[in-house]
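So this block is coords-v5.pdb, PDB, C-alpha atoms and all ligand atoms:
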```
MODEL        1
ATOM      1  CA  MET A 151     110.954  88.214 135.226
ATOM      2  CA  GLY A 152     109.908  84.530 135.103
ATOM      3  CA  ALA A 153     107.706  83.048 132.365
ATOM      4  CA  ALA A 154     104.566  83.006 134.549
ATOM      5  CA  LYS A 155     105.036  86.669 135.538
ATOM      6  CA  ARG A 156     105.678  87.647 131.910
ATOM      7  CA  ARG A 157     102.505  85.833 130.836
ATOM      8  CA  LYS A 158     100.476  87.609 133.554
ATOM      9  CA  ALA A 159     101.932  90.988 132.568
ATOM     10  CA  GLU A 160     101.024  90.258 128.939
ATOM     11  CA  ILE A 161      97.438  89.323 129.922
ATOM     12  CA  ASP A 162      97.118  92.503 132.041
ATOM     13  CA  ARG A 163      98.409  94.568 129.115
ATOM     14  CA  LEU A 164      95.887  92.926 126.793
ATOM     15  CA  LYS A 165      92.991  93.480 129.182
ATOM     16  CA  ALA A 166      93.802  97.181 129.217
ATOM     17  CA  LEU A 167      93.500  97.410 125.409
ATOM     18  CA  PRO A 168      90.279  98.518 123.666
ATOM     19  CA  ARG A 169      88.073  95.550 122.681
ATOM     20  CA  GLU A 170      88.880  95.915 118.938
ATOM     21  CA  GLN A 171      92.621  95.665 119.580
ATOM     22  CA  GLN A 172      92.113  92.675 121.882
ATOM     23  CA  GLU A 173      90.217  90.888 119.090
ATOM     24  CA  ALA A 174      92.896  91.720 116.516
ATOM     25  CA  TYR A 175      95.557  90.351 118.866
ATOM     26  CA  GLN A 176      93.596  87.137 119.446
ATOM     27  CA  ALA A 177      93.052  86.699 115.692
ATOM     28  CA  LEU A 178      96.771  87.105 115.071
ATOM     29  CA  ARG A 179      97.605  84.531 117.731
ATOM     30  CA  ALA A 180      95.113  82.127 116.135
ATOM     31  CA  ASP A 181      96.831  82.623 112.745
ATOM     32  CA  GLU A 182     100.235  82.008 114.337
ATOM     33  CA  ARG A 183      98.943  78.724 115.729
ATOM     34  CA  ILE A 184      97.585  77.669 112.304
ATOM     35  CA  ILE A 185     100.934  78.328 110.670
ATOM     36  CA  GLU A 186     103.155  77.189 113.542
ATOM     37  CA  GLN A 187     104.544  74.228 111.584
ATOM     38  CA  GLY A 188     104.554  75.909 108.149
ATOM     39  CA  ILE A 189     102.285  75.019 105.229
ATOM     40  CA  ASP A 190     101.124  71.410 105.057
ATOM     41  CA  ILE A 191      99.826  70.632 101.580
ATOM     42  CA  GLU A 192      97.992  67.634 103.015
ATOM     43  CA  GLY A 193      95.984  69.977 105.253
ATOM     44  CA  ASP A 194      93.995  73.045 104.208
ATOM     45  CA  PRO A 195      96.596  75.003 102.226
ATOM     46  CA  GLU A 196      94.269  77.944 101.529
ATOM     47  CA  ALA A 197      93.606  78.509 105.239
ATOM     48  CA  GLN A 198      97.329  78.210 105.944
ATOM     49  CA  VAL A 199      98.377  80.519 103.083
ATOM     50  CA  THR A 200      95.967  83.214 104.253
ATOM     51  CA  ALA A 201      96.998  82.795 107.913
ATOM     52  CA  LEU A 202     100.682  83.160 106.969
ATOM     53  CA  ALA A 203      99.834  86.175 104.792
ATOM     54  CA  ARG A 204      98.065  87.927 107.705
ATOM     55  CA  VAL A 205     100.897  87.295 110.166
ATOM     56  CA  LEU A 206     103.495  88.419 107.626
ATOM     57  CA  ALA A 207     101.504  91.530 106.716
ATOM     58  CA  HIS A 208     101.345  92.464 110.410
ATOM     59  CA  LYS A 209     105.093  91.938 110.744
ATOM     60  CA  PHE A 210     105.801  93.925 107.571
ATOM     61  CA  GLN A 211     103.789  96.850 108.987
ATOM     62  CA  SER A 212     105.974  96.807 112.104
ATOM     63  CA  GLY A 213     109.055  96.485 109.876
ATOM     64  CA  ILE A 214     108.022  99.527 107.851
ATOM     65  CA  GLU A 215     107.719 101.581 111.049
ATOM     66  CA  ALA A 216     111.130 100.330 112.220
ATOM     67  CA  GLY A 217     112.746 100.824 108.792
ATOM     68  CA  ASP A 218     114.002  97.217 108.898
ATOM     69  CA  LEU A 219     112.405  94.076 107.443
ATOM     70  CA  ASP A 220     114.674  91.487 109.047
ATOM     71  CA  GLU A 221     112.111  90.223 111.537
ATOM     72  CA  PRO A 222     109.363  89.403 108.997
ATOM     73  CA  THR A 223     111.966  87.981 106.607
ATOM     74  CA  SER A 224     113.426  85.723 109.264
ATOM     75  CA  TYR A 225     109.866  84.610 110.130
ATOM     76  CA  LEU A 226     109.160  83.898 106.435
ATOM     77  CA  LEU A 227     112.325  81.792 106.090
ATOM     78  CA  THR A 228     111.518  79.847 109.269
ATOM     79  CA  LYS A 229     108.040  79.029 107.959
ATOM     80  CA  ALA A 230     109.481  78.052 104.564
ATOM     81  CA  GLN A 231     111.894  75.716 106.360
ATOM     82  CA  ARG A 232     109.066  74.130 108.374
ATOM     83  CA  THR A 233     107.081  73.753 105.151
ATOM     84  CA  LEU A 234     110.089  71.969 103.662
ATOM     85  CA  ALA A 235     110.302  69.693 106.712
ATOM     86  CA  LYS A 236     106.728  68.561 105.999
ATOM     87  CA  LEU A 237     107.955  67.208 102.661
ATOM     88  CA  ALA A 238     110.530  64.893 104.206
ATOM     89  CA  ASP A 239     108.753  61.797 102.846
ATOM     90  CA  VAL A 240     108.632  63.070  99.262
ATOM     91  CA  PRO A 241     111.438  61.374  97.289
ATOM     92  CA  VAL A 242     113.838  63.841  95.632
ATOM     93  CA  ALA A 243     117.323  63.512  94.189
ATOM     94  CA  CYS A 244     118.524  66.693  95.962
ATOM     95  CA  LYS A 245     121.177  66.150  98.619
ATOM     96  CA  LYS A 246     124.142  67.842 100.290
ATOM     97  CA  GLY A 247     126.928  68.529  97.789
ATOM     98  CA  CYS A 248     124.623  68.484  94.758
ATOM     99  CA  SER A 249     124.543  72.038  93.425
ATOM    100  CA  HIS A 250     123.709  72.001  89.709
ATOM    101  CA  CYS A 251     120.718  74.303  90.319
ATOM    102  CA  CYS A 252     123.008  76.851  92.020
ATOM    103  CA  ASN A 253     124.366  77.802  88.573
ATOM    104  CA  ILE A 254     121.202  79.264  87.119
ATOM    105  CA  TRP A 255     119.011  82.346  87.580
ATOM    106  CA  VAL A 256     117.892  82.684  91.211
ATOM    107  CA  SER A 257     114.930  84.903  92.106
ATOM    108  CA  ALA A 258     114.426  86.585  95.444
ATOM    109  CA  SER A 259     111.957  89.019  96.971
ATOM    110  CA  VAL A 260     113.152  92.423  98.129
ATOM    111  CA  PRO A 261     112.900  91.613 101.873
ATOM    112  CA  GLU A 262     115.117  88.561 101.245
ATOM    113  CA  ILE A 263     117.572  90.702  99.282
ATOM    114  CA  PHE A 264     117.978  93.227 102.118
ATOM    115  CA  TYR A 265     118.291  90.384 104.615
ATOM    116  CA  LEU A 266     121.069  88.728 102.578
ATOM    117  CA  ALA A 267     122.838  92.026 101.864
ATOM    118  CA  LYS A 268     123.145  92.618 105.628
ATOM    119  CA  LEU A 269     124.415  89.074 106.061
ATOM    120  CA  LEU A 270     127.027  89.680 103.356
ATOM    121  CA  ARG A 271     128.263  92.862 105.027
ATOM    122  CA  GLY A 272     128.930  90.837 108.172
ATOM    123  CA  GLN A 273     130.933  88.173 106.325
ATOM    124  CA  ALA A 274     134.544  88.103 105.132
ATOM    125  CA  SER A 275     135.040  90.312 102.055
ATOM    126  CA  GLY A 276     135.756  87.246  99.887
ATOM    127  CA  ARG A 277     132.063  86.324  99.946
ATOM    128  CA  GLU A 278     130.988  89.761  98.765
ATOM    129  CA  MET A 279     133.633  89.586  96.035
ATOM    130  CA  ALA A 280     132.227  86.218  94.918
ATOM    131  CA  VAL A 281     128.745  87.731  94.662
ATOM    132  CA  ARG A 282     130.109  90.698  92.678
ATOM    133  CA  LYS A 283     131.990  88.308  90.389
ATOM    134  CA  ALA A 284     128.818  86.274  89.818
ATOM    135  CA  HIS A 285     126.969  89.501  89.035
ATOM    136  CA  ALA A 286     129.635  90.633  86.529
ATOM    137  CA  ALA A 287     129.438  87.247  84.775
ATOM    138  CA  THR A 288     125.626  87.006  84.663
ATOM    139  CA  GLU A 289     124.559  90.648  84.289
ATOM    140  CA  PRO A 290     124.493  90.646  80.444
ATOM    141  CA  TYR A 291     121.918  87.857  80.228
ATOM    142  CA  THR A 292     118.152  87.968  80.347
ATOM    143  CA  HIS A 293     116.091  85.335  82.138
ATOM    144  CA  GLU A 294     115.625  83.530  78.798
ATOM    145  CA  GLN A 295     119.350  83.646  77.921
ATOM    146  CA  ARG A 296     120.634  82.710  81.348
ATOM    147  CA  PRO A 297     120.157  78.898  81.041
ATOM    148  CA  TYR A 298     122.763  78.985  78.243
ATOM    149  CA  HIS A 299     125.267  80.818  80.467
ATOM    150  CA  PRO A 300     125.489  78.892  83.749
ATOM    151  CA  PHE A 301     127.633  80.485  86.455
ATOM    152  CA  PRO A 302     127.956  79.503  90.138
ATOM    153  CA  CYS A 303     125.991  81.542  92.684
ATOM    154  CA  GLY A 304     128.275  83.771  94.757
ATOM    155  CA  PHE A 305     127.209  81.932  97.905
ATOM    156  CA  LEU A 306     128.282  78.536  96.602
ATOM    157  CA  GLU A 307     131.390  77.120  98.270
ATOM    158  CA  ASN A 308     132.732  73.609  97.592
ATOM    159  CA  ASN A 309     129.360  72.691  96.099
ATOM    160  CA  GLU A 310     127.522  73.695  99.279
ATOM    161  CA  CYS A 311     125.463  76.767 100.078
ATOM    162  CA  SER A 312     127.502  78.921 102.466
ATOM    163  CA  ILE A 313     124.315  80.598 103.741
ATOM    164  CA  TYR A 314     122.217  77.442 103.943
ATOM    165  CA  GLU A 315     120.248  78.602 107.026
ATOM    166  CA  HIS A 316     119.463  81.889 105.297
ATOM    167  CA  ARG A 317     118.956  80.813 101.676
ATOM    168  CA  PRO A 318     115.981  82.327  99.797
ATOM    169  CA  VAL A 319     112.589  80.616  99.604
ATOM    170  CA  ALA A 320     113.193  79.826  95.919
ATOM    171  CA  CYS A 321     116.276  77.764  96.836
ATOM    172  CA  ARG A 322     114.678  76.075  99.865
ATOM    173  CA  LEU A 323     111.695  74.741  97.970
ATOM    174  CA  ALA A 324     113.416  73.822  94.692
ATOM    175  CA  SER A 325     113.508  70.107  93.938
ATOM    176  CA  SER A 326     114.466  67.569  91.319
ATOM    177  CA  GLY A 327     113.725  63.915  90.840
ATOM    178  CA  ASP A 328     116.867  63.233  88.801
ATOM    179  CA  ALA A 329     120.308  64.730  89.500
ATOM    180  CA  GLU A 330     121.732  63.501  86.198
ATOM    181  CA  ILE A 331     119.139  65.465  84.246
ATOM    182  CA  CYS A 332     120.027  68.516  86.412
ATOM    183  CA  ALA A 333     123.729  68.004  85.603
ATOM    184  CA  ARG A 334     123.015  67.962  81.878
ATOM    185  CA  SER A 335     120.340  70.645  81.766
ATOM    186  CA  TYR A 336     121.772  73.170  84.242
ATOM    187  CA  ASN A 337     125.184  72.954  82.616
ATOM    188  CA  ASN A 338     123.700  73.823  79.242
ATOM    189  CA  ILE A 339     124.412  70.449  77.702
ATOM    190  CA  THR A 340     120.784  69.578  76.963
ATOM    191  CA  ASP A 341     117.405  71.299  77.112
ATOM    192  CA  GLU A 342     115.734  68.602  79.214
ATOM    193  CA  ASN A 343     113.017  69.580  81.670
ATOM    194  CA  ILE A 344     113.826  68.952  85.306
ATOM    195  CA  PRO A 345     111.386  66.424  86.823
ATOM    196  CA  THR A 346     109.996  68.386  89.751
ATOM    197  CA  SER A 347     107.851  67.096  92.601
ATOM    198  CA  VAL A 348     104.285  68.431  92.549
ATOM    199  CA  ALA A 349     104.310  68.504  96.348
ATOM    200  CA  TYR A 350     107.345  70.830  96.322
ATOM    201  CA  LEU A 351     105.758  73.021  93.657
ATOM    202  CA  MET A 352     102.579  73.364  95.734
ATOM    203  CA  ALA A 353     104.535  74.116  98.902
ATOM    204  CA  ARG A 354     106.663  76.721  97.152
ATOM    205  CA  GLU A 355     103.618  78.341  95.592
ATOM    206  CA  GLY A 356     101.892  78.447  98.987
ATOM    207  CA  VAL A 357     104.776  80.236 100.703
ATOM    208  CA  SER A 358     105.299  82.573  97.726
ATOM    209  CA  LEU A 359     101.603  83.490  97.554
ATOM    210  CA  SER A 360     101.536  84.252 101.282
ATOM    211  CA  LEU A 361     104.496  86.589 100.844
ATOM    212  CA  LEU A 362     102.977  88.266  97.804
ATOM    213  CA  ILE A 363      99.645  88.923  99.519
ATOM    214  CA  ALA A 364     101.354  90.149 102.695
ATOM    215  CA  LEU A 365     103.508  92.620 100.735
ATOM    216  CA  GLN A 366     100.408  93.834  98.890
ATOM    217  CA  LYS A 367      98.542  94.360 102.169
ATOM    218  CA  ALA A 368     101.515  96.231 103.617
ATOM    219  CA  GLY A 369     101.590  98.489 100.537
ATOM    220  CA  LEU A 370     105.003  97.222  99.421
ATOM    221  CA  PRO A 371     106.073  96.247  95.859
ATOM    222  CA  GLN A 372     105.858  92.513  95.146
ATOM    223  CA  GLU A 373     108.442  92.083  92.378
ATOM    224  CA  GLN A 374     111.086  89.372  92.550
ATOM    225  CA  TYR A 375     114.560  90.150  91.192
ATOM    226  CA  GLU A 376     117.631  88.323  89.905
ATOM    227  CA  LEU A 377     119.615  87.669  93.063
ATOM    228  CA  ASN A 378     123.180  88.681  92.045
ATOM    229  CA  ALA A 379     122.202  92.030  90.538
ATOM    230  CA  ALA A 380     119.728  92.905  93.287
ATOM    231  CA  LEU A 381     122.271  92.143  96.012
ATOM    232  CA  VAL A 382     124.919  94.347  94.411
ATOM    233  CA  THR A 383     122.359  97.150  94.063
ATOM    234  CA  ALA A 384     121.352  96.804  97.734
ATOM    235  CA  LEU A 385     125.020  96.848  98.783
ATOM    236  CA  ASP A 386     125.928  99.845  96.628
ATOM    237  CA  THR A 387     122.921 102.035  97.444
ATOM    238  CA  ASP A 388     123.199 104.226 100.528
ATOM    239  CA  ASP A 389     120.386 103.634 103.011
ATOM    240  CA  ALA A 390     118.837 101.195 100.512
ATOM    241  CA  GLU A 391     116.242  99.572 102.766
ATOM    242  CA  ARG A 392     114.825 102.802 104.194
ATOM    243  CA  ARG A 393     114.700 104.406 100.731
ATOM    244  CA  TRP A 394     112.865 101.379  99.258
ATOM    245  CA  LEU A 395     110.459 101.360 102.199
ATOM    246  CA  ALA A 396     109.837 105.055 101.588
ATOM    247  CA  GLY A 397     108.733 104.230  98.033
ATOM    248  CA  GLU A 398     111.921 104.840  96.036
ATOM    249  CA  ASP A 399     112.400 102.256  93.271
ATOM    250  CA  ILE A 400     116.067 101.563  93.966
ATOM    251  CA  PHE A 401     115.879  98.319  91.937
ATOM    252  CA  ALA A 402     114.645 100.081  88.782
ATOM    253  CA  GLY A 403     117.590  98.866  86.673
ATOM    254  CA  VAL A 404     117.619  95.276  87.994
ATOM    255  CA  LYS A 405     116.175  92.408  85.973
ATOM    256  CA  GLN A 406     112.913  91.105  87.364
ATOM    257  CA  ASP A 407     111.680  87.533  87.444
ATOM    258  CA  PRO A 408     109.243  87.375  84.503
ATOM    259  CA  GLY A 409     107.482  84.328  85.939
ATOM    260  CA  GLY A 410     106.050  86.005  89.028
ATOM    261  CA  LEU A 411     102.744  84.926  90.549
ATOM    262  CA  LYS A 412     101.425  88.469  90.889
ATOM    263  CA  ASP A 413      98.918  88.293  88.032
ATOM    264  CA  LEU A 414      97.479  84.860  88.823
ATOM    265  CA  PRO A 415      93.710  84.904  89.507
ATOM    266  CA  GLU A 416      94.402  82.978  92.754
ATOM    267  CA  VAL A 417      96.154  86.041  94.163
ATOM    268  CA  ALA A 418      93.033  88.217  94.074
ATOM    269  CA  HIS A 419      90.944  85.365  95.493
ATOM    270  CA  LEU A 420      93.370  84.646  98.336
ATOM    271  CA  TYR A 421      93.839  88.344  99.094
ATOM    272  CA  LYS A 422      90.067  88.740  99.519
ATOM    273  CA  ARG A 423      89.940  85.659 101.732
ATOM    274  CA  ALA A 424      92.870  86.848 103.851
ATOM    275  CA  PHE A 425      91.664  90.442 104.153
ATOM    276  CA  PRO A 426      87.893  90.616 103.600
ATOM    277  CA  ALA A 427      86.736  94.224 103.305
TER     278      ALA A 427
HETATM  279  S1  LIG B 501     121.752  80.943  97.730
HETATM  280 FE1  LIG B 501     122.667  78.946  98.255
HETATM  281  S2  LIG B 501     121.105  77.437  97.584
HETATM  282 FE2  LIG B 501     120.600  79.375  96.568
HETATM  283  S3  LIG B 501     121.622  79.294  94.570
HETATM  284 FE3  LIG B 501     123.039  80.332  96.005
HETATM  285  S4  LIG B 501     124.360  78.697  96.803
HETATM  286 FE4  LIG B 501     122.574  77.706  95.879
ENDMDL
END
```
Serialized structure, structure tokens:
Amino acid sequence: MGAAKRRKAEIDRLKALPREQQEAYQALRADERIIEQGIDIEGDPEAQVTALARVLAHKFQSGIEAGDLDEPTSYLLTKAQRTLAKLADVPVACKKGCSHCCNIWVSASVPEIFYLAKLLRGQASGREMAVRKAHAATEPYTHEQRPYHPFPCGFLENNECSIYEHRPVACRLASSGDAEICARSYNNITDENIPTSVAYLMAREGVSLSLLIALQKAGLPQEQYELNAALVTALDTDDAERRWLAGEDIFAGVKQDPGGLKDLPEVAHLYKRAFPA
């Protein structure tokens, strides 16, 4: 069927829907248009964060029914990448081959963890072994201790991310203004603070808040976990994704990110704006 015929069939299908469903569909399409190019911190971030949250929540609901969150996760990562593209003019020291920040604690949401676990299963076994090795080396350390025990991420290969197109939001929107400070600090030589771009911080917070609110709306847990341990748990648990979606806390023994956004007052405000009662 050609594009014009498909469009007509879609319009006919819509016309046959009850009015309420037609309005919900139109609202969703409007949100998709708002967020088409990701979050632009120069625009109206609150409107964009809430639009992304509504689209993601809708996609998570479909994912719950299907028992598979890949589609909303892929959508999230695409929007995070477009958000990153909007920051192209912001000067940062980060560049290809610079990987100091790939030696520290990495946080990821559960949908990202399942997405990456499936990716790992489809790769050569050496990659999974590298992730397991990273987990064995980092498992003893808490979030506070981890900066003193740097260890390369299991996805790092020749100082480049081997899953660059699929890397978590936390990696995509990390930034530094000085690679030499990263080299010293991330290798546990000094305790210097990494100079981080405010624009990147705002963009990362926007995408993360959208995800958080969408998970909340979909009735899913919002915790973020240490990547190595969570991946190994997802790989070693039979039917992990379906069990987690059914409410089983399969990540109960995995260290959580203590710096989550969940309890920020902005979350309640944005949730109400995204989903007014
Ligand atoms: S997933 Fe990729 S970008 Fe993120 S820490 Fe690992 S190697 Fe680095």
Neighbours of ligand LIG 501 (chain B) within 10 Å, counting all atoms listed in the file, as a PDB file with C-alpha atoms, keeping the file's coordinate frame?
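File part-v7.pdb, as written:
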```pdb
ATOM      1  CA  CYS A 248     124.623  68.484  94.758  1.00  0.00           C
ATOM      2  CA  SER A 249     124.543  72.038  93.425  1.00  0.00           C
ATOM      3  CA  HIS A 250     123.709  72.001  89.709  1.00  0.00           C
ATOM      4  CA  CYS A 251     120.718  74.303  90.319  1.00  0.00           C
ATOM      5  CA  CYS A 252     123.008  76.851  92.020  1.00  0.00           C
ATOM      6  CA  ASN A 253     124.366  77.802  88.573  1.00  0.00           C
ATOM      7  CA  ILE A 254     121.202  79.264  87.119  1.00  0.00           C
ATOM      8  CA  TRP A 255     119.011  82.346  87.580  1.00  0.00           C
ATOM      9  CA  VAL A 256     117.892  82.684  91.211  1.00  0.00           C
ATOM     10  CA  SER A 257     114.930  84.903  92.106  1.00  0.00           C
ATOM     11  CA  ALA A 258     114.426  86.585  95.444  1.00  0.00           C
ATOM     12  CA  LEU A 266     121.069  88.728 102.578  1.00  0.00           C
ATOM     13  CA  VAL A 281     128.745  87.731  94.662  1.00  0.00           C
ATOM     14  CA  PRO A 302     127.956  79.503  90.138  1.00  0.00           C
ATOM     15  CA  CYS A 303     125.991  81.542  92.684  1.00  0.00           C
ATOM     16  CA  GLY A 304     128.275  83.771  94.757  1.00  0.00           C
ATOM     17  CA  PHE A 305     127.209  81.932  97.905  1.00  0.00           C
ATOM     18  CA  LEU A 306     128.282  78.536  96.602  1.00  0.00           C
ATOM     19  CA  GLU A 307     131.390  77.120  98.270  1.00  0.00           C
ATOM     20  CA  ASN A 308     132.732  73.609  97.592  1.00  0.00           C
ATOM     21  CA  ASN A 309     129.360  72.691  96.099  1.00  0.00           C
ATOM     22  CA  GLU A 310     127.522  73.695  99.279  1.00  0.00           C
ATOM     23  CA  CYS A 311     125.463  76.767 100.078  1.00  0.00           C
ATOM     24  CA  SER A 312     127.502  78.921 102.466  1.00  0.00           C
ATOM     25  CA  ILE A 313     124.315  80.598 103.741  1.00  0.00           C
ATOM     26  CA  TYR A 314     122.217  77.442 103.943  1.00  0.00           C
ATOM     27  CA  GLU A 315     120.248  78.602 107.026  1.00  0.00           C
ATOM     28  CA  HIS A 316     119.463  81.889 105.297  1.00  0.00           C
ATOM     29  CA  ARG A 317     118.956  80.813 101.676  1.00  0.00           C
ATOM     30  CA  PRO A 318     115.981  82.327  99.797  1.00  0.00           C
ATOM     31  CA  VAL A 319     112.589  80.616  99.604  1.00  0.00           C
ATOM     32  CA  ALA A 320     113.193  79.826  95.919  1.00  0.00           C
ATOM     33  CA  CYS A 321     116.276  77.764  96.836  1.00  0.00           C
ATOM     34  CA  ARG A 322     114.678  76.075  99.865  1.00  0.00           C
ATOM     35  CA  LEU A 323     111.695  74.741  97.970  1.00  0.00           C
ATOM     36  CA  ALA A 324     113.416  73.822  94.692  1.00  0.00           C
ATOM     37  CA  LEU A 377     119.615  87.669  93.063  1.00  0.00           C
ATOM     38  CA  ASN A 378     123.180  88.681  92.045  1.00  0.00           C
TER      39      ASN A 378
END
```
Exercise. Written as a PyMOL selection string, which residues does the PyMOL selection byres (((chain A and resi 405) around 12) and not hetatm) give for the file shown?
Worked result: chain A and resi 255-258+285+288-294+296+373-381+383+401-404+406-409
Selection above as a file: C-alpha atoms, as a compact mmCIF listing (two decimals), in the frame of the given file:
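Result went into result_16.txt, see below:
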```txt
# COMPACT_ATOMS: atom_id res chain seq x y z
CA TRP A 255 119.01 82.35 87.58
CA VAL A 256 117.89 82.68 91.21
CA SER A 257 114.93 84.90 92.11
CA ALA A 258 114.43 86.58 95.44
CA HIS A 285 126.97 89.50 89.04
CA THR A 288 125.63 87.01 84.66
CA GLU A 289 124.56 90.65 84.29
CA PRO A 290 124.49 90.65 80.44
CA TYR A 291 121.92 87.86 80.23
CA THR A 292 118.15 87.97 80.35
CA HIS A 293 116.09 85.34 82.14
CA GLU A 294 115.62 83.53 78.80
CA ARG A 296 120.63 82.71 81.35
CA GLU A 373 108.44 92.08 92.38
CA GLN A 374 111.09 89.37 92.55
CA TYR A 375 114.56 90.15 91.19
CA GLU A 376 117.63 88.32 89.90
CA LEU A 377 119.62 87.67 93.06
CA ASN A 378 123.18 88.68 92.04
CA ALA A 379 122.20 92.03 90.54
CA ALA A 380 119.73 92.90 93.29
CA LEU A 381 122.27 92.14 96.01
CA THR A 383 122.36 97.15 94.06
CA PHE A 401 115.88 98.32 91.94
CA ALA A 402 114.64 100.08 88.78
CA GLY A 403 117.59 98.87 86.67
CA VAL A 404 117.62 95.28 87.99
CA GLN A 406 112.91 91.10 87.36
CA ASP A 407 111.68 87.53 87.44
CA PRO A 408 109.24 87.38 84.50
CA GLY A 409 107.48 84.33 85.94
```
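In this structure, CA of Leu420 (chain A) sits 6.6 Å away from CA of Thr200 (chain A).
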Exercise. Mind telling me what the PyMOL selection byres (((chain A and resi 349) around 10) and not hetatm) catches here, as an MDAnalysis selection string?
Worked result: chainID A and resid 190:192 234 236:237 240 323 325 346:348 350:355
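Across the structure, CA of Arg423 (chain A) and CA of Ser212 (chain A) are spaced 22.1 Å apart.
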Exercise. CA of Ile214 (chain A) and CA of Arg393 (chain A) are how many Å apart?
Worked result: 10.9 Å
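Once the PyMOL selection byres (((chain A and resi 331) around 10) and not hetatm) is applied to this file, the selection holds His250, Ser326, Gly327, Asp328, Ala329, Glu330, Cys332, Ala333, Arg334, Ser335, Tyr336, Asn337, Ile339, Thr340, Asp341, Glu342, Asn343, Ile344 and Pro345 of chain A.
Using all atoms listed in the file for every distance, the candidate list A:Val260, A:Val205, A:Gly247, A:Val357 yields A:Val357 as the residue closest to Gly188 (chain A).
Compared by their closest atoms to Leu362 (chain A), and using all atoms listed in the file, the residues A:Gly193, A:Pro261, A:Pro300, A:Gly152 rank with A:Pro261 nearest.
When all atoms listed in the file are used to compute distances to Gly356 (chain A), the closest of the residues A:Asp162, A:Asp194, A:Glu182, A:Asp218 turns out to be A:Asp194.
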Exercise. Smallest atom-to-atom distance to Phe264 (chain A): which of A:Gly369, A:Pro222, A:Pro241, A:Pro168, using all atoms listed in the file?
Worked result: A:Pro222
Problem set entry | Within 12 Å of file point (100.1, 92.3, 103.4), counting all atoms listed in the file, expressed as JSON, numbers by chain | {"A": [199, 200, 201, 202, 203, 204, 205, 206, 207, 208, 209, 210, 211, 212, 213, 214, 222, 359, 360, 361, 362, 363, 364, 365, 366, 367, 368, 369, 370, 371, 372, 417, 420, 421, 422, 424, 425]}
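Counting all atoms listed in the file, the residue from A:Cys244, A:Asp239, A:Tyr175, A:Asn338 that sits nearest to Glu160 (chain A) is A:Tyr175.
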